[in-house]
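Peer 1: My structure is in query_27.pdb, and what it holds is PDB, C-alpha atoms (C1' of nucleotides):
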```pdb
MODEL        1
ATOM      1  CA  MET A   9     -19.410   1.541-227.904
ATOM      2  CA  SER A  10     -16.672  -1.064-227.945
ATOM      3  CA  LEU A  11     -15.055  -1.518-231.310
ATOM      4  CA  ARG A  12     -15.213  -5.242-231.909
ATOM      5  CA  MET A  13     -12.485  -6.564-234.099
ATOM      6  CA  GLN A  14     -13.079  -9.487-236.405
ATOM      7  CA  TYR A  15     -10.565 -11.963-237.739
ATOM      8  CA  THR A  16     -10.298 -14.636-240.390
ATOM      9  CA  ILE A  17      -8.950 -18.056-239.625
ATOM     10  CA  GLY A  18      -5.527 -17.181-241.002
ATOM     11  CA  GLN A  19      -5.223 -14.176-238.707
ATOM     12  CA  VAL A  20      -6.318 -16.235-235.730
ATOM     13  CA  ALA A  21      -3.794 -18.911-236.621
ATOM     14  CA  GLU A  22      -1.027 -16.324-236.394
ATOM     15  CA  LYS A  23      -2.315 -14.797-233.176
ATOM     16  CA  SER A  24      -2.878 -18.116-231.431
ATOM     17  CA  ASN A  25       0.105 -20.125-232.678
ATOM     18  CA  LEU A  26      -2.281 -22.808-233.822
ATOM     19  CA  SER A  27      -2.381 -23.897-237.449
ATOM     20  CA  ILE A  28      -5.401 -23.241-239.632
ATOM     21  CA  HIS A  29      -5.846 -26.998-239.786
ATOM     22  CA  THR A  30      -5.886 -27.251-236.020
ATOM     23  CA  LEU A  31      -8.425 -24.440-235.683
ATOM     24  CA  ARG A  32     -10.801 -26.202-238.050
ATOM     25  CA  TYR A  33     -10.105 -29.486-236.293
ATOM     26  CA  TYR A  34     -10.955 -27.984-232.917
ATOM     27  CA  GLU A  35     -14.155 -26.565-234.292
ATOM     28  CA  LYS A  36     -15.087 -29.935-235.778
ATOM     29  CA  GLU A  37     -14.409 -31.543-232.401
ATOM     30  CA  GLY A  38     -16.812 -29.144-230.710
ATOM     31  CA  LEU A  39     -14.306 -26.903-228.970
ATOM     32  CA  LEU A  40     -15.543 -23.754-230.727
ATOM     33  CA  PRO A  41     -19.318 -24.024-231.100
ATOM     34  CA  PHE A  42     -19.835 -20.267-231.247
ATOM     35  CA  ILE A  43     -17.854 -19.235-234.325
ATOM     36  CA  LYS A  44     -20.151 -17.491-236.814
ATOM     37  CA  ARG A  45     -19.806 -17.425-240.581
ATOM     38  CA  ASN A  46     -20.282 -14.623-243.084
ATOM     39  CA  GLY A  47     -22.409 -14.926-246.198
ATOM     40  CA  SER A  48     -19.709 -16.891-248.020
ATOM     41  CA  GLY A  49     -19.265 -19.426-245.254
ATOM     42  CA  ILE A  50     -16.036 -17.829-244.035
ATOM     43  CA  ARG A  51     -15.399 -18.192-240.284
ATOM     44  CA  ILE A  52     -15.480 -14.897-238.390
ATOM     45  CA  TYR A  53     -13.539 -14.858-235.107
ATOM     46  CA  GLU A  54     -13.657 -12.117-232.485
ATOM     47  CA  ASP A  55     -11.321 -11.171-229.649
ATOM     48  CA  GLU A  56     -13.114 -13.217-227.028
ATOM     49  CA  HIS A  57     -12.714 -16.319-229.182
ATOM     50  CA  ILE A  58      -8.982 -15.809-229.271
ATOM     51  CA  GLU A  59      -8.978 -15.541-225.484
ATOM     52  CA  TRP A  60     -10.983 -18.719-225.310
ATOM     53  CA  LEU A  61      -8.468 -20.456-227.560
ATOM     54  CA  LYS A  62      -5.662 -19.440-225.232
ATOM     55  CA  PHE A  63      -7.548 -20.951-222.336
ATOM     56  CA  ILE A  64      -8.184 -24.107-224.317
ATOM     57  CA  CYS A  65      -4.462 -24.385-224.966
ATOM     58  CA  CYS A  66      -3.794 -23.944-221.270
ATOM     59  CA  LEU A  67      -6.055 -26.855-220.420
ATOM     60  CA  ARG A  68      -4.781 -28.955-223.305
ATOM     61  CA  ASP A  69      -1.136 -28.365-222.338
ATOM     62  CA  THR A  70      -1.858 -29.464-218.813
ATOM     63  CA  GLY A  71      -3.129 -32.803-220.015
ATOM     64  CA  MET A  72      -6.819 -32.327-220.704
ATOM     65  CA  SER A  73      -7.864 -34.326-223.750
ATOM     66  CA  ILE A  74      -9.846 -32.965-226.664
ATOM     67  CA  SER A  75     -12.920 -34.867-225.556
ATOM     68  CA  GLN A  76     -12.681 -33.597-221.987
ATOM     69  CA  LEU A  77     -12.313 -30.107-223.394
ATOM     70  CA  LYS A  78     -15.419 -30.733-225.425
ATOM     71  CA  ASP A  79     -17.303 -31.727-222.281
ATOM     72  CA  PHE A  80     -16.146 -28.533-220.628
ATOM     73  CA  VAL A  81     -17.276 -26.436-223.585
ATOM     74  CA  GLU A  82     -20.667 -28.107-223.530
ATOM     75  CA  LEU A  83     -21.103 -27.200-219.880
ATOM     76  CA  THR A  84     -20.185 -23.636-220.683
ATOM     77  CA  VAL A  85     -22.722 -23.475-223.475
ATOM     78  CA  GLN A  86     -25.415 -24.629-221.089
ATOM     79  CA  GLY A  87     -24.937 -21.480-219.064
ATOM     80  CA  ASP A  88     -25.278 -20.555-215.407
ATOM     81  CA  ALA A  89     -26.637 -23.854-214.208
ATOM     82  CA  THR A  90     -23.293 -25.543-214.751
ATOM     83  CA  VAL A  91     -21.013 -22.950-213.176
ATOM     84  CA  GLU A  92     -20.449 -25.004-210.041
ATOM     85  CA  GLN A  93     -19.536 -28.049-212.038
ATOM     86  CA  ARG A  94     -17.085 -26.087-214.143
ATOM     87  CA  ILE A  95     -15.474 -24.638-211.050
ATOM     88  CA  GLN A  96     -15.041 -28.159-209.734
ATOM     89  CA  MET A  97     -13.443 -29.284-212.985
ATOM     90  CA  LEU A  98     -11.037 -26.373-212.923
ATOM     91  CA  GLU A  99     -10.155 -26.931-209.270
ATOM     92  CA  LEU A 100      -9.373 -30.523-210.113
ATOM     93  CA  GLN A 101      -7.309 -29.497-213.089
ATOM     94  CA  LYS A 102      -5.439 -26.967-211.002
ATOM     95  CA  GLN A 103      -4.616 -29.690-208.538
ATOM     96  CA  THR A 104      -3.258 -31.972-211.254
ATOM     97  CA  VAL A 105      -1.135 -29.107-212.575
ATOM     98  CA  GLN A 106       0.282 -28.597-209.122
ATOM     99  CA  GLU A 107       1.137 -32.284-208.987
ATOM    100  CA  GLN A 108       2.766 -31.983-212.397
ATOM    101  CA  VAL A 109       4.894 -29.140-211.076
ATOM    102  CA  ASN A 110       5.941 -31.211-208.064
ATOM    103  CA  THR A 111       6.824 -34.154-210.266
ATOM    104  CA  LEU A 112       8.838 -31.983-212.619
ATOM    105  CA  MET A 113      10.754 -30.468-209.728
ATOM    106  CA  SER A 114      11.637 -33.917-208.471
ATOM    107  CA  TYR A 115      12.792 -34.731-212.002
ATOM    108  CA  ILE A 116      15.071 -31.719-211.925
ATOM    109  CA  GLY A 117      16.556 -33.231-208.791
ATOM    110  CA  MET A 118      17.099 -36.561-210.539
ATOM    111  CA  ILE A 119      18.724 -34.926-213.530
ATOM    112  CA  ASP A 120      20.969 -32.876-211.268
ATOM    113  CA  PHE A 121      21.990 -35.998-209.406
ATOM    114  CA  LYS A 122      22.876 -37.714-212.662
ATOM    115  CA  ILE A 123      24.826 -34.708-213.853
ATOM    116  CA  GLY A 124      26.742 -34.862-210.583
ATOM    117  CA  MET A 125      27.577 -38.521-211.167
ATOM    118  CA  TYR A 126      28.748 -37.867-214.694
ATOM    119  CA  ALA A 127      30.820 -34.900-213.569
ATOM    120  CA  GLY A 128      32.546 -37.177-211.052
ATOM    121  CA  GLN A 129      33.264 -39.732-213.774
ATOM    122  CA  ALA A 130      34.571 -37.080-216.105
ATOM    123  CA  LYS A 131      37.231 -36.255-213.515
ATOM    124  CA  ASP A 132      38.468 -39.671-212.471
ATOM    125  CA  GLY A 133      37.282 -41.758-215.411
ATOM    126  CA  ARG A 134      35.996 -44.774-213.519
ATOM    127  CA  GLU A 135      33.013 -45.582-215.650
ATOM    128  CA  SER A 136      32.587 -49.117-216.862
ATOM    129  CA  ALA A 137      31.513 -48.562-220.445
ATOM    130  CA  GLY A 138      28.393 -50.358-221.608
ATOM    131  CA  GLN A 139      26.769 -50.328-218.182
ATOM    132  CA  PRO A 140      24.404 -47.410-217.864
ATOM    133  CA  GLU A 141      23.307 -47.244-214.259
TER     134      GLU A 141
ATOM    135  CA  MET B  15      29.967 -59.248-201.533
ATOM    136  CA  SER B  16      26.812 -57.430-202.552
ATOM    137  CA  LEU B  17      23.801 -59.685-202.949
ATOM    138  CA  ARG B  18      22.531 -58.895-206.415
ATOM    139  CA  MET B  19      18.872 -59.446-206.894
ATOM    140  CA  GLN B  20      17.507 -60.588-210.224
ATOM    141  CA  TYR B  21      14.055 -60.038-211.653
ATOM    142  CA  THR B  22      11.902 -61.319-214.469
ATOM    143  CA  ILE B  23      10.065 -58.971-216.788
ATOM    144  CA  GLY B  24       6.819 -59.370-214.851
ATOM    145  CA  GLN B  25       8.445 -58.346-211.585
ATOM    146  CA  VAL B  26      10.081 -55.368-213.237
ATOM    147  CA  ALA B  27       6.763 -54.341-214.745
ATOM    148  CA  GLU B  28       5.284 -54.172-211.254
ATOM    149  CA  LYS B  29       8.239 -52.337-209.769
ATOM    150  CA  SER B  30       8.512 -49.799-212.566
ATOM    151  CA  ASN B  31       4.853 -49.176-213.367
ATOM    152  CA  LEU B  32       5.553 -49.978-216.993
ATOM    153  CA  SER B  33       3.718 -52.789-218.743
ATOM    154  CA  ILE B  34       5.497 -55.917-219.886
ATOM    155  CA  HIS B  35       4.712 -54.819-223.426
ATOM    156  CA  THR B  36       6.351 -51.467-222.851
ATOM    157  CA  LEU B  37       9.470 -53.021-221.367
ATOM    158  CA  ARG B  38       9.923 -55.227-224.412
ATOM    159  CA  TYR B  39       9.151 -52.284-226.670
ATOM    160  CA  TYR B  40      11.801 -50.155-224.966
ATOM    161  CA  GLU B  41      14.318 -52.940-225.343
ATOM    162  CA  LYS B  42      13.497 -53.313-229.027
ATOM    163  CA  GLU B  43      13.929 -49.559-229.471
ATOM    164  CA  GLY B  44      17.399 -49.736-227.995
ATOM    165  CA  LEU B  45      16.709 -48.202-224.596
ATOM    166  CA  LEU B  46      17.903 -51.279-222.694
ATOM    167  CA  PRO B  47      20.855 -52.746-224.605
ATOM    168  CA  PHE B  48      22.346 -54.387-221.552
ATOM    169  CA  ILE B  49      19.634 -56.832-220.422
ATOM    170  CA  LYS B  50      20.993 -60.397-220.341
ATOM    171  CA  ARG B  51      19.040 -63.618-220.881
ATOM    172  CA  ASN B  52      19.183 -66.938-219.113
ATOM    173  CA  GLY B  53      19.542 -70.281-220.894
ATOM    174  CA  SER B  54      15.882 -70.278-221.916
ATOM    175  CA  GLY B  55      15.930 -66.792-223.418
ATOM    176  CA  ILE B  56      14.219 -65.217-220.400
ATOM    177  CA  ARG B  57      15.233 -61.621-219.686
ATOM    178  CA  ILE B  58      17.098 -61.177-216.399
ATOM    179  CA  TYR B  59      16.905 -57.670-214.896
ATOM    180  CA  GLU B  60      18.978 -56.407-211.979
ATOM    181  CA  ASP B  61      18.516 -53.508-209.580
ATOM    182  CA  GLU B  62      20.611 -51.082-211.587
ATOM    183  CA  HIS B  63      18.396 -51.690-214.610
ATOM    184  CA  ILE B  64      15.341 -50.733-212.610
ATOM    185  CA  GLU B  65      17.098 -47.535-211.578
ATOM    186  CA  TRP B  66      17.919 -46.887-215.193
ATOM    187  CA  LEU B  67      14.284 -47.402-216.148
ATOM    188  CA  LYS B  68      13.235 -44.822-213.586
ATOM    189  CA  PHE B  69      15.661 -42.370-215.081
ATOM    190  CA  ILE B  70      14.400 -43.142-218.571
ATOM    191  CA  CYS B  71      10.860 -42.409-217.371
ATOM    192  CA  CYS B  72      12.046 -39.126-215.930
ATOM    193  CA  LEU B  73      13.474 -38.062-219.271
ATOM    194  CA  ARG B  74      10.478 -39.398-221.179
ATOM    195  CA  ASP B  75       8.011 -37.603-218.919
ATOM    196  CA  THR B  76       9.841 -34.359-219.459
ATOM    197  CA  GLY B  77       9.378 -34.594-223.194
ATOM    198  CA  MET B  78      12.361 -36.569-224.477
ATOM    199  CA  SER B  79      11.311 -38.842-227.328
ATOM    200  CA  ILE B  80      12.130 -42.525-227.580
ATOM    201  CA  SER B  81      14.650 -41.866-230.323
ATOM    202  CA  GLN B  82      16.384 -39.140-228.336
ATOM    203  CA  LEU B  83      16.510 -41.513-225.398
ATOM    204  CA  LYS B  84      18.066 -44.073-227.679
ATOM    205  CA  ASP B  85      20.745 -41.588-228.687
ATOM    206  CA  PHE B  86      21.427 -40.936-225.028
ATOM    207  CA  VAL B  87      21.720 -44.647-224.280
ATOM    208  CA  GLU B  88      24.112 -45.098-227.161
ATOM    209  CA  LEU B  89      26.355 -42.391-225.793
ATOM    210  CA  THR B  90      26.298 -44.084-222.416
ATOM    211  CA  VAL B  91      27.257 -47.408-223.925
ATOM    212  CA  GLN B  92      30.241 -45.780-225.589
ATOM    213  CA  GLY B  93      31.682 -45.002-222.190
ATOM    214  CA  ASP B  94      33.842 -42.265-220.734
ATOM    215  CA  ALA B  95      34.545 -40.430-223.957
ATOM    216  CA  THR B  96      30.963 -39.202-224.167
ATOM    217  CA  VAL B  97      30.477 -38.036-220.580
ATOM    218  CA  GLU B  98      30.785 -34.370-221.488
ATOM    219  CA  GLN B  99      28.208 -34.700-224.226
ATOM    220  CA  ARG B 100      25.783 -36.451-221.903
ATOM    221  CA  ILE B 101      26.215 -33.766-219.282
ATOM    222  CA  GLN B 102      25.379 -31.192-221.925
ATOM    223  CA  MET B 103      22.257 -33.095-222.937
ATOM    224  CA  LEU B 104      21.119 -33.318-219.344
ATOM    225  CA  GLU B 105      21.802 -29.639-218.690
ATOM    226  CA  LEU B 106      19.681 -28.802-221.704
ATOM    227  CA  GLN B 107      16.933 -31.113-220.554
ATOM    228  CA  LYS B 108      17.039 -29.613-217.087
ATOM    229  CA  GLN B 109      16.562 -26.201-218.616
ATOM    230  CA  THR B 110      13.538 -27.293-220.610
ATOM    231  CA  VAL B 111      12.030 -28.839-217.478
ATOM    232  CA  GLN B 112      12.494 -25.553-215.683
ATOM    233  CA  GLU B 113      10.697 -23.813-218.530
ATOM    234  CA  GLN B 114       7.906 -26.370-218.293
ATOM    235  CA  VAL B 115       7.583 -25.607-214.598
ATOM    236  CA  ASN B 116       7.349 -21.887-215.312
ATOM    237  CA  THR B 117       4.715 -22.452-217.972
ATOM    238  CA  LEU B 118       2.679 -24.691-215.695
ATOM    239  CA  MET B 119       2.760 -22.117-212.919
ATOM    240  CA  SER B 120       1.463 -19.471-215.283
ATOM    241  CA  TYR B 121      -1.293 -21.908-216.261
ATOM    242  CA  ILE B 122      -2.227 -22.264-212.601
ATOM    243  CA  GLY B 123      -2.642 -18.502-212.602
ATOM    244  CA  MET B 124      -4.910 -18.645-215.643
ATOM    245  CA  ILE B 125      -7.031 -21.388-214.147
ATOM    246  CA  ASP B 126      -7.317 -19.458-210.896
ATOM    247  CA  PHE B 127      -8.407 -16.378-212.775
ATOM    248  CA  LYS B 128     -11.079 -18.346-214.574
ATOM    249  CA  ILE B 129     -12.278 -19.919-211.357
ATOM    250  CA  GLY B 130     -12.568 -16.414-209.950
ATOM    251  CA  MET B 131     -14.691 -15.321-212.909
ATOM    252  CA  TYR B 132     -16.965 -18.314-212.566
ATOM    253  CA  ALA B 133     -17.272 -17.792-208.829
ATOM    254  CA  GLY B 134     -18.427 -14.222-209.521
ATOM    255  CA  GLN B 135     -21.008 -15.469-212.009
ATOM    256  CA  ALA B 136     -22.234 -18.100-209.592
ATOM    257  CA  LYS B 137     -23.106 -15.313-207.151
ATOM    258  CA  ASP B 138     -24.826 -12.764-209.333
ATOM    259  CA  GLY B 139     -25.775 -14.990-212.273
ATOM    260  CA  ARG B 140     -24.928 -12.612-215.091
ATOM    261  CA  GLU B 141     -23.551 -15.119-217.537
ATOM    262  CA  SER B 142     -24.795 -15.025-221.079
ATOM    263  CA  ALA B 143     -25.218 -18.682-221.861
ATOM    264  CA  GLY B 144     -23.648 -19.989-225.032
ATOM    265  CA  GLN B 145     -20.822 -17.455-224.981
ATOM    266  CA  PRO B 146     -17.728 -18.916-223.399
ATOM    267  CA  GLU B 147     -15.208 -16.145-222.997
TER     268      GLU B 147
ATOM    269  C1'  DG C  24       2.501 -86.707-218.478
ATOM    270  C1'  DC C  25      -0.505 -82.897-218.222
ATOM    271  C1'  DT C  26      -1.920 -78.456-216.700
ATOM    272  C1'  DT C  27      -0.803 -73.889-215.348
ATOM    273  C1'  DG C  28       1.340 -69.754-215.685
ATOM    274  C1'  DA C  29       4.896 -66.802-216.955
ATOM    275  C1'  DC C  30       7.889 -66.207-220.413
ATOM    276  C1'  DT C  31       9.296 -65.802-225.810
ATOM    277  C1'  DT C  32       8.724 -63.797-230.860
ATOM    278  C1'  DA C  33       7.045 -61.191-234.940
ATOM    279  C1'  DG C  34       3.981 -58.388-236.348
ATOM    280  C1'  DA C  35      -0.622 -56.241-236.507
ATOM    281  C1'  DG C  36      -3.656 -52.779-234.466
ATOM    282  C1'  DC C  37      -5.050 -48.843-231.715
ATOM    283  C1'  DT C  38      -5.435 -43.919-229.985
ATOM    284  C1'  DT C  39      -4.501 -39.182-230.042
ATOM    285  C1'  DG C  40      -3.821 -35.156-232.202
ATOM    286  C1'  DC C  41      -2.901 -33.314-235.680
ATOM    287  C1'  DT C  42      -1.563 -32.524-240.935
ATOM    288  C1'  DC C  43      -2.349 -32.590-245.529
ATOM    289  C1'  DC C  44      -4.691 -33.134-250.092
ATOM    290  C1'  DA C  45      -8.058 -32.732-253.823
ATOM    291  C1'  DG C  46     -11.351 -30.091-255.595
ATOM    292  C1'  DG C  47     -13.887 -26.015-255.407
ATOM    293  C1'  DG C  48     -15.713 -20.948-254.138
ATOM    294  C1'  DG C  49     -15.304 -16.086-253.922
ATOM    295  C1'  DC C  50     -13.144 -11.509-253.517
ATOM    296  C1'  DT C  51      -9.822  -8.073-255.450
ATOM    297  C1'  DA C  52      -6.656  -6.129-258.592
ATOM    298  C1'  DT C  53      -4.958  -5.763-263.190
TER     299       DT C  53
ATOM    300  C1'  DA D  19     -11.873 -12.169-267.428
ATOM    301  C1'  DT D  20      -7.884 -13.908-265.545
ATOM    302  C1'  DA D  21      -4.625 -14.375-261.751
ATOM    303  C1'  DG D  22      -3.620 -14.673-257.073
ATOM    304  C1'  DC D  23      -4.876 -15.413-252.694
ATOM    305  C1'  DC D  24      -7.330 -16.971-248.924
ATOM    306  C1'  DC D  25     -11.168 -19.372-247.756
ATOM    307  C1'  DC D  26     -14.242 -23.867-247.742
ATOM    308  C1'  DT D  27     -15.250 -29.332-247.183
ATOM    309  C1'  DG D  28     -14.588 -34.297-246.631
ATOM    310  C1'  DG D  29     -11.649 -37.522-245.956
ATOM    311  C1'  DA D  30      -7.087 -39.679-246.144
ATOM    312  C1'  DG D  31      -2.570 -39.970-244.009
ATOM    313  C1'  DC D  32       0.839 -39.712-240.475
ATOM    314  C1'  DA D  33       3.898 -40.108-236.186
ATOM    315  C1'  DA D  34       4.439 -41.463-231.594
ATOM    316  C1'  DG D  35       3.894 -44.561-228.195
ATOM    317  C1'  DC D  36       2.174 -47.972-226.865
ATOM    318  C1'  DT D  37      -1.025 -52.393-226.752
ATOM    319  C1'  DC D  38      -2.402 -56.651-228.123
ATOM    320  C1'  DT D  39      -2.592 -61.249-230.697
ATOM    321  C1'  DA D  40      -1.097 -65.705-232.231
ATOM    322  C1'  DA D  41       1.670 -69.293-231.703
ATOM    323  C1'  DG D  42       5.004 -71.303-229.197
ATOM    324  C1'  DT D  43       8.701 -72.522-225.099
ATOM    325  C1'  DC D  44       9.813 -73.726-220.589
ATOM    326  C1'  DA D  45       9.695 -75.065-215.586
ATOM    327  C1'  DA D  46       7.039 -76.423-211.608
ATOM    328  C1'  DG D  47       3.412 -78.900-209.306
ATOM    329  C1'  DC D  48      -0.128 -82.629-209.096
TER     330       DC D  48
ENDMDL
END
```
Can you give me the file's structure in the form of structure tokens?
Peer 2:
Amino acid sequence: MSLRMQYTIGQVAEKSNLSIHTLRYYEKEGLLPFIKRNGSGIRIYEDEHIEWLKFICCLRDTGMSISQLKDFVELTVQGDATVEQRIQMLELQKQTVQEQVNTLMSYIGMIDFKIGMYAGQAKDGRESAGQPE
Amino acid sequence: MSLRMQYTIGQVAEKSNLSIHTLRYYEKEGLLPFIKRNGSGIRIYEDEHIEWLKFICCLRDTGMSISQLKDFVELTVQGDATVEQRIQMLELQKQTVQEQVNTLMSYIGMIDFKIGMYAGQAKDGRESAGQPE
DNA sequence: GCTTGACTTAGAGCTTGCTCCAGGGGCTAT
DNA sequence: ATAGCCCCTGGAGCAAGCTCTAAGTCAAGC
């Protein structure tokens, strides 16, 4: 007997850090095909939908586009038969995230190097103005 | 007596993985205020400019906007007096990149968790189709 | 001298992902 | 029953960052 909480779009917006507009936009784009409505047409969200939104944001923030997300959702809706395919997609995504991390770490190195150069200049003032390098 | 190589926009496009369009766009937006022209109005790039472009891409790819980049370039053009300010900007940027790395690593964890869930479903096939969760 | 190809400009157009607006519905409290 | 609030829809608008087009210049090779 799990007590299942229900939420309106405004409550979900607060919980998910997405705007109401964005939530409706995502639904329109097919990212939330399972949200039910009450008699007045009001969207009713439940806890699992909020979890799903968090996962969507994870994929979105790692570079997956809305339409790719839609493809992923459609696979999910199709059920068991597509589990392997979804696992493959996620493995691929995981790999690209790892590459992103590597790239960002190399960027930290570049920024550090530049900071070092500037720090040297700040001491002995040998910069030739107007020539970023 | 350093031999200083010179490049046309097409050569720089190849070397920098930016399109010719993008290079001209960046110049128009003030990110490359130091590119000279030859007698016919053709842009002449040198090695240090290509280095600068790589650094610009580093900052851009870590979330700095074109207009922020422009601000940074303007400080650089002003010379020594702004070195401290530029160091501060880069320190701040470095910090945000580190936060991005942390976020991405937590996303890898989320993706892994999801893969684990799917892998479980693939084995015992207890997914309820149409209910992403 | 004509073609080819890479360069020039100004400015229009495109894509993505929101963001907002007008106009309206329905519950709840006074 | 009127106000206040949150909800709804369809569609317009917006910002960023390119991306492309039209029309033209220039230098080299045949």
Peer 1: Could you please select, counting all atoms listed in the file, the residues of chain B within 9 Å of chain C and state them as a PDB file with C-alpha atoms, in the frame of the given file?
Peer 2:
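To be explicit, this is the file written out as iface_5.pdb:
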```pdb
ATOM      1  CA  THR B  22      11.902 -61.319-214.469  1.00  0.00           C
ATOM      2  CA  ILE B  23      10.065 -58.971-216.788  1.00  0.00           C
ATOM      3  CA  GLY B  24       6.819 -59.370-214.851  1.00  0.00           C
ATOM      4  CA  SER B  54      15.882 -70.278-221.916  1.00  0.00           C
ATOM      5  CA  GLY B  55      15.930 -66.792-223.418  1.00  0.00           C
ATOM      6  CA  ILE B  56      14.219 -65.217-220.400  1.00  0.00           C
ATOM      7  CA  ARG B  57      15.233 -61.621-219.686  1.00  0.00           C
TER       8      ARG B  57
END
```
Peer 1: For chain B, list the residues within 9 Å of chain D, counting all atoms listed in the file, and write the list as a ChimeraX atom specification.
Peer 2: /B:35-36,39,54,79-80
Peer 1: What is the distance between atom CA of Met113 of chain A and atom CA of Cys65 of chain A, in Å to one decimal?
Peer 2: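 Calculated distance between atom CA of Met113 of chain A and atom CA of Cys65 of chain A is 22.4 Å.
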Peer 1: Given the file shown, determine the residues that the PyMOL selection byres ((chain B) within 9 of (chain A)) selects; report them as a PyMOL selection string.
Peer 2: chain B and resi 46-48+62-66+69+72-73+75-76+87-88+90-95+97-98+100-102+104-105+107-109+111-112+114-116+118-119+121-122+124-126+128-130+132-133+135-136+139-147
Peer 1: Rounded to one decimal, what separation in Å do you get between atom CA of Ile28 of chain A and atom CA of Lys78 of chain A?
Peer 2: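 Atom CA of Lys78 of chain A lies at a distance of 18.9 Å from atom CA of Ile28 of chain A.
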Peer 1: What separation in Å, quoted to one decimal, exists between atom CA of Lys42 of chain B and atom CA of Gly71 of chain A?
Peer 2: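 Interatomic distance here is 27.9 Å.
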